[in-house]
Each structure stands twice: as C-alpha cells, then as structure tokens.
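Engineer: Take a look at this one; I'll ask things after.
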Amino acid sequence: MLRYLFESTVARCIEEGLVSGQRMAVDASFIEADANKQNSTPKEEWDPAQVDPADAPRADREYPETLDEAAFGAASEVQPKFTSHSDPASQWTAARKGPAFFSYSDNNLIDMDHGVIVDVEATRSIRQAEVGSTRTMLDRVKARFDLHPERLIADTACGTGPMLGWQVERKTAPHIPVFDKSER
C-alpha cells in the first residue's frame with residue numbers, strides 16, 4: 001500500500017512537470033536501528049545454528065531468510081563485526097566517523113530538476129547493498145515511469161568499475177568519483 005501511494009505521488013509529480021528523469025542523483029542516509037552493542041555477539045561467536053527457534057525472538061527466526069537477498073546478506077561476503085540479537089539484519093557501522101552503531105540505509109533516487117525523490121530502497125548499511133539498490137531503483141523507475149536518466153550523480157560507493165561500466169552500457173553519463181582500491 002505504501003509503495004502504491006508513493007508511486008502515485010511520483011506519477012503526479014511527473015504529470016505536473018516536476019520530474020524530467022534526465023538528471024538524477026542517488027545517495028544513502030543512515031537510519032539507526034533499535035539495537036545496541038550490549039545485546040550483540042562478535043562475528044567469531046555468532047552461529048545462527050545455535051539458536052533454538054522455539055526460544056528465539058521473531059527477528060532471529062526471520063534473519064536466515066534474508067541472507068539470500070542482495071540488500072541484506074548476499075550483497076557481501078564480509079561477515080559483520082557484531083550481530084544484534086534483537087535485530088540481526090541491521091549492520092554494525094562506523095561510517096559517520098564517530099561511535100559505531102547498528103543501522104540500515106535509506107537509499108534515495110532523486111530527480112534533480114526539483115529535488116523530487118522518485119524511488120526509495122532500504123538496505124543494510126554496506127557499500128555493496130547501496131550499489132545493488134541503485135540498480136534496483138533505476139530499473140524500477142524505468143519499468144514503472146519510463147524514466148531513464150542521461151546523467152547520474154552519486155558518491156564513491158557507486159564508483160566501482162562494474163557499476164560505472166553498467167551506467168555507460170545503459171547510455172547514462174556517470175558523474176561519480178572512481179572507487180580506487182589500487183593503493184591497497
């Protein structure tokens with residue numbers, strides 16, 4: 001229902017000339033999860049097989065089902081540093097350069113003509129999931145609204161070779177800094 005309401009609003013913005021679909025930007029914002037480090041397990045000790053489903057909270061029972069989704073577990077082979085007992089799908093992150101916390105990412109695809117958000121995708125707070133959500137959102141607005149940007153603005157998270165190549169193949173000019181790992 002919320003997706004329908006959102007897309008109806010975007011369609012109305014397109015009808016009113018507030019969205020051209022030519023110049024878009026994508027970025028993620030952190031949403032702090034309702035979880036804390038005191039109720040978590042380090043990656044060396046986390047073993048979902050040890051959780052008795054009868055005793056586990058709903059979040060722990062549902063967590064293994066999310067592991068195959070690119071937005072959550074399958075986007076990266078990297079094991080999280082900590083896993084929250086109350087919200088195991090959340091991601092432990094220190095991306096704000098401050099104290100680390102459990103979070104999700106709210107990824108937004110924005111039409112730059114009037115700053116209208118044309119799509120949203122929630123993911124774990126990891127770069128690989130942000131890249132996957134960008135592809136998902138671009139494909140979805142193409143299918144739903146026939147929007148295909150001439151230019152895409154994004155941060156370094158989308159600056160990997162495969163992602164930049166994908167943009168060029170789609171005939172979209174990427175305005176994205178290259179994610180350079182050559183010094184590693």
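We name chains A, B, ... following the order of the structure tokens; residues begin at 1 in each chain, and ligands are numbered from 1 as shown.
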Within segment 5-174 of chain A, find each residue whose DSSP state, derived from the backbone, is strand (DSSP E or B), and express the selection as a PyMOL selection string.

Structural biologist: chain A and resi 23-32+40-42+82-84+91-93+101-111+116-124+151-153+173-174

Engineer: Considering only C-alpha atoms, tabulate each residue of segment 108-156 of chain A that lies at most 10 Å from segment 27-49 of chain A along with its nearest interatomic pair and the corresponding distance in Å to one decimal; arrange the rows by chain and ascending residue number and present them as JSON lines.

Structural biologist:
```
{"residue": "A:Asn108", "atom": "CA", "partner": "A:Asp27", "partner_atom": "CA", "distance": 5.7}
{"residue": "A:Leu109", "atom": "CA", "partner": "A:Asp27", "partner_atom": "CA", "distance": 7.0}
{"residue": "A:Ile110", "atom": "CA", "partner": "A:Asp27", "partner_atom": "CA", "distance": 8.5}
{"residue": "A:Val120", "atom": "CA", "partner": "A:Ala28", "partner_atom": "CA", "distance": 9.5}
{"residue": "A:Glu121", "atom": "CA", "partner": "A:Ala28", "partner_atom": "CA", "distance": 9.2}
{"residue": "A:Ala122", "atom": "CA", "partner": "A:Ala28", "partner_atom": "CA", "distance": 8.9}
{"residue": "A:Thr123", "atom": "CA", "partner": "A:Ala28", "partner_atom": "CA", "distance": 9.2}
{"residue": "A:Arg124", "atom": "CA", "partner": "A:Phe30", "partner_atom": "CA", "distance": 9.3}
{"residue": "A:Ser125", "atom": "CA", "partner": "A:Phe30", "partner_atom": "CA", "distance": 7.2}
{"residue": "A:Arg127", "atom": "CA", "partner": "A:Ala28", "partner_atom": "CA", "distance": 9.7}
{"residue": "A:Glu130", "atom": "CA", "partner": "A:Ala28", "partner_atom": "CA", "distance": 7.1}
{"residue": "A:Val131", "atom": "CA", "partner": "A:Asp27", "partner_atom": "CA", "distance": 9.8}
{"residue": "A:Ser133", "atom": "CA", "partner": "A:Ala28", "partner_atom": "CA", "distance": 9.6}
{"residue": "A:Thr134", "atom": "CA", "partner": "A:Asp27", "partner_atom": "CA", "distance": 8.5}
{"residue": "A:Ile153", "atom": "CA", "partner": "A:Asp27", "partner_atom": "CA", "distance": 8.7}
{"residue": "A:Ala154", "atom": "CA", "partner": "A:Asp27", "partner_atom": "CA", "distance": 6.3}
{"residue": "A:Asp155", "atom": "CA", "partner": "A:Asp27", "partner_atom": "CA", "distance": 7.1}
```

Engineer: For Met112 of chain A, please output as a PyMOL selection string all residues within 9 Å (counting only C-alpha atoms; exclusion window: fewer than 2 positions along the same chain).

Structural biologist: chain A and resi 19-25+110+114-117

Engineer: Please dump the current selection as an mmCIF file, in the first residue's frame; keep all heavy atoms.

Structural biologist:
```
data_model
loop_
_atom_site.group_PDB
_atom_site.id
_atom_site.type_symbol
_atom_site.label_atom_id
_atom_site.label_comp_id
_atom_site.auth_asym_id
_atom_site.auth_seq_id
_atom_site.Cartn_x
_atom_site.Cartn_y
_atom_site.Cartn_z
ATOM 1 N N VAL A 19 9.240 16.415 -12.579
ATOM 2 C CA VAL A 19 10.229 15.356 -12.764
ATOM 3 C C VAL A 19 10.454 15.180 -14.269
ATOM 4 O O VAL A 19 9.506 14.955 -15.008
ATOM 5 C CB VAL A 19 9.735 14.020 -12.165
ATOM 6 C CG1 VAL A 19 10.675 12.878 -12.506
ATOM 7 C CG2 VAL A 19 9.566 14.141 -10.660
ATOM 8 N N SER A 20 11.725 15.294 -14.685
ATOM 9 C CA SER A 20 12.042 15.051 -16.100
ATOM 10 C C SER A 20 12.679 13.683 -16.293
ATOM 11 O O SER A 20 12.589 13.099 -17.355
ATOM 12 C CB SER A 20 12.991 16.125 -16.628
ATOM 13 O OG SER A 20 14.304 15.934 -16.104
ATOM 14 N N GLY A 21 13.370 13.202 -15.263
ATOM 15 C CA GLY A 21 14.063 11.928 -15.369
ATOM 16 C C GLY A 21 15.389 12.019 -16.089
ATOM 17 O O GLY A 21 16.031 11.002 -16.318
ATOM 18 N N GLN A 22 15.838 13.203 -16.424
ATOM 19 C CA GLN A 22 17.079 13.362 -17.192
ATOM 20 C C GLN A 22 18.325 13.401 -16.321
ATOM 21 O O GLN A 22 19.352 12.871 -16.694
ATOM 22 C CB GLN A 22 17.004 14.643 -18.038
ATOM 23 C CG GLN A 22 15.853 14.629 -19.021
ATOM 24 C CD GLN A 22 15.900 13.398 -19.916
ATOM 25 O OE1 GLN A 22 16.888 13.153 -20.597
ATOM 26 N NE2 GLN A 22 14.844 12.605 -19.892
ATOM 27 N N ARG A 23 18.251 14.078 -15.203
ATOM 28 C CA ARG A 23 19.387 14.218 -14.288
ATOM 29 C C ARG A 23 18.963 13.707 -12.923
ATOM 30 O O ARG A 23 18.096 14.295 -12.286
ATOM 31 C CB ARG A 23 19.807 15.684 -14.203
ATOM 32 C CG ARG A 23 20.412 16.205 -15.496
ATOM 33 C CD ARG A 23 20.375 17.725 -15.581
ATOM 34 N NE ARG A 23 19.010 18.272 -15.553
ATOM 35 C CZ ARG A 23 18.168 18.259 -16.595
ATOM 36 N NH1 ARG A 23 18.524 17.723 -17.721
ATOM 37 N NH2 ARG A 23 16.952 18.776 -16.491
ATOM 38 N N MET A 24 19.587 12.618 -12.484
ATOM 39 C CA MET A 24 19.220 12.027 -11.202
ATOM 40 C C MET A 24 20.443 11.883 -10.313
ATOM 41 O O MET A 24 21.574 11.832 -10.792
ATOM 42 C CB MET A 24 18.565 10.662 -11.397
ATOM 43 C CG MET A 24 17.230 10.726 -12.074
ATOM 44 S SD MET A 24 16.428 9.111 -12.016
ATOM 45 C CE MET A 24 14.976 9.446 -12.975
ATOM 46 N N ALA A 25 20.191 11.801 -9.035
ATOM 47 C CA ALA A 25 21.234 11.561 -8.049
ATOM 48 C C ALA A 25 20.770 10.433 -7.138
ATOM 49 O O ALA A 25 19.569 10.219 -6.959
ATOM 50 C CB ALA A 25 21.503 12.819 -7.221
ATOM 51 N N ILE A 110 16.851 10.519 -6.692
ATOM 52 C CA ILE A 110 16.269 11.858 -6.696
ATOM 53 C C ILE A 110 16.374 12.467 -8.088
ATOM 54 O O ILE A 110 17.453 12.477 -8.691
ATOM 55 C CB ILE A 110 17.025 12.764 -5.686
ATOM 56 C CG1 ILE A 110 17.039 12.094 -4.318
ATOM 57 C CG2 ILE A 110 16.409 14.161 -5.634
ATOM 58 C CD1 ILE A 110 18.175 12.523 -3.432
ATOM 59 N N HIS A 114 13.700 19.323 -9.540
ATOM 60 C CA HIS A 114 13.043 19.971 -8.407
ATOM 61 C C HIS A 114 13.297 19.229 -7.091
ATOM 62 O O HIS A 114 12.589 19.448 -6.112
ATOM 63 C CB HIS A 114 11.534 20.082 -8.654
ATOM 64 C CG HIS A 114 11.192 20.990 -9.786
ATOM 65 N ND1 HIS A 114 11.162 22.357 -9.664
ATOM 66 C CD2 HIS A 114 10.902 20.720 -11.087
ATOM 67 C CE1 HIS A 114 10.851 22.899 -10.834
ATOM 68 N NE2 HIS A 114 10.689 21.916 -11.712
ATOM 69 N N GLY A 115 14.273 18.313 -7.090
ATOM 70 C CA GLY A 115 14.608 17.587 -5.862
ATOM 71 C C GLY A 115 13.540 16.595 -5.436
ATOM 72 O O GLY A 115 13.374 16.346 -4.239
ATOM 73 N N VAL A 116 12.836 16.003 -6.387
ATOM 74 C CA VAL A 116 11.773 15.040 -6.071
ATOM 75 C C VAL A 116 12.366 13.639 -5.960
ATOM 76 O O VAL A 116 13.056 13.172 -6.872
ATOM 77 C CB VAL A 116 10.664 15.060 -7.147
ATOM 78 C CG1 VAL A 116 9.632 13.974 -6.885
ATOM 79 C CG2 VAL A 116 10.009 16.433 -7.204
ATOM 80 N N ILE A 117 12.109 12.976 -4.855
ATOM 81 C CA ILE A 117 12.541 11.596 -4.681
ATOM 82 C C ILE A 117 11.619 10.718 -5.515
ATOM 83 O O ILE A 117 10.406 10.724 -5.320
ATOM 84 C CB ILE A 117 12.497 11.175 -3.195
ATOM 85 C CG1 ILE A 117 13.476 12.018 -2.380
ATOM 86 C CG2 ILE A 117 12.814 9.689 -3.047
ATOM 87 C CD1 ILE A 117 13.373 11.832 -0.879
#
```

Engineer: What lies within 12 Å of Lys142 of chain A using only C-alpha atoms, ignoring chain neighbours under 5 positions off, as number ranges by chain?

Structural biologist: A: 21-22, 118-119, 135-137, 147-149, 170

Engineer: Keeping only N, CA, C and O atoms, write the selected residues as a short mmCIF file (atom, residue, chain, number, x, y, z; two decimals), in the first residue's frame.

Structural biologist:
```
data_model
loop_
_atom_site.label_atom_id
_atom_site.label_comp_id
_atom_site.auth_asym_id
_atom_site.auth_seq_id
_atom_site.Cartn_x
_atom_site.Cartn_y
_atom_site.Cartn_z
N GLY A 21 13.37 13.20 -15.26
CA GLY A 21 14.06 11.93 -15.37
C GLY A 21 15.39 12.02 -16.09
O GLY A 21 16.03 11.00 -16.32
N GLN A 22 15.84 13.20 -16.42
CA GLN A 22 17.08 13.36 -17.19
C GLN A 22 18.32 13.40 -16.32
O GLN A 22 19.35 12.87 -16.69
N VAL A 118 12.22 9.97 -6.47
CA VAL A 118 11.41 9.15 -7.37
C VAL A 118 11.43 7.67 -7.00
O VAL A 118 10.62 6.90 -7.51
N ASP A 119 12.35 7.26 -6.14
CA ASP A 119 12.34 5.87 -5.66
C ASP A 119 13.14 5.78 -4.37
O ASP A 119 14.03 6.61 -4.10
N ARG A 135 20.95 0.02 -8.69
CA ARG A 135 20.50 -0.70 -9.88
C ARG A 135 19.00 -1.01 -9.80
O ARG A 135 18.27 -0.83 -10.77
N THR A 136 18.56 -1.46 -8.64
CA THR A 136 17.14 -1.79 -8.45
C THR A 136 16.26 -0.58 -8.70
O THR A 136 15.26 -0.65 -9.41
N MET A 137 16.64 0.56 -8.11
CA MET A 137 15.82 1.76 -8.25
C MET A 137 15.79 2.26 -9.69
O MET A 137 14.74 2.65 -10.20
N LEU A 147 11.38 6.31 -16.98
CA LEU A 147 12.41 7.32 -16.72
C LEU A 147 13.77 6.67 -16.88
O LEU A 147 14.04 5.61 -16.32
N HIS A 148 14.62 7.32 -17.66
CA HIS A 148 15.98 6.83 -17.89
C HIS A 148 16.90 8.05 -17.90
O HIS A 148 16.88 8.83 -18.85
N PRO A 149 17.69 8.23 -16.83
CA PRO A 149 18.50 9.46 -16.75
C PRO A 149 19.62 9.52 -17.79
O PRO A 149 20.22 8.51 -18.12
N ARG A 170 24.15 1.48 -20.24
CA ARG A 170 22.76 1.97 -20.23
C ARG A 170 22.64 3.34 -20.87
O ARG A 170 21.58 3.94 -20.87
#
```

Engineer: What does the structure give for the distance between atom CA of Gly159 of chain A and atom CA of Ile176 of chain A, in Å to one decimal?

Structural biologist: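 Between these atoms lies a distance of 5.7 Å.
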
Engineer: As a ChimeraX atom specification, please: all residues of segment 40-182 of chain A that backbone DSSP puts in helix (DSSP H, G or I).

Structural biologist: /A:48-50,58-66,127-145,156-158,161-169

Engineer: Which residues, written as a list in words, have at least one atom at most 10 Å from Gly161 of chain A, with only C-alpha atoms counted and residues fewer than 6 positions away on the same chain left out?

Structural biologist: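 Residues near the query, excluding close chain neighbours: Gln167, Val178, Phe179 and Asp180 of chain A.
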
Engineer: Please report the interatomic distance between atom CA of Ser182 of chain A and atom CA of Val78 of chain A in Å with one decimal.

Structural biologist: 19.6 Å

Engineer: Using only C-alpha atoms, can you tell me which of A:Glu77, A:Asp139, A:Asp146, A:Asp87 comes closest to Ala11 of chain A?

Structural biologist: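 So, comparing all the options, the nearest one is A:Asp146.
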
Engineer: If we count only C-alpha atoms and set the cut-off at 8 Å, which residues sit around Thr93 of chain A, ignoring sequence neighbours fewer than 6 positions away in its own chain? Please answer as a count of residues only.

Structural biologist: 5

Engineer: What does the distance between atom CA of Met163 of chain A and atom CA of Gln128 of chain A come to in Å, to one decimal place?

Structural biologist: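 So the two atoms, atom CA of Met163 of chain A and atom CA of Gln128 of chain A, lie 10.4 Å apart.
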
Engineer: Pick from A:Ser86, A:Ala94, A:Asp113, A:Leu164: nearest to Ile14 of chain A, with only C-alpha atoms counted?

Structural biologist: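 Smallest separation from Ile14 of chain A among the options: A:Asp113.
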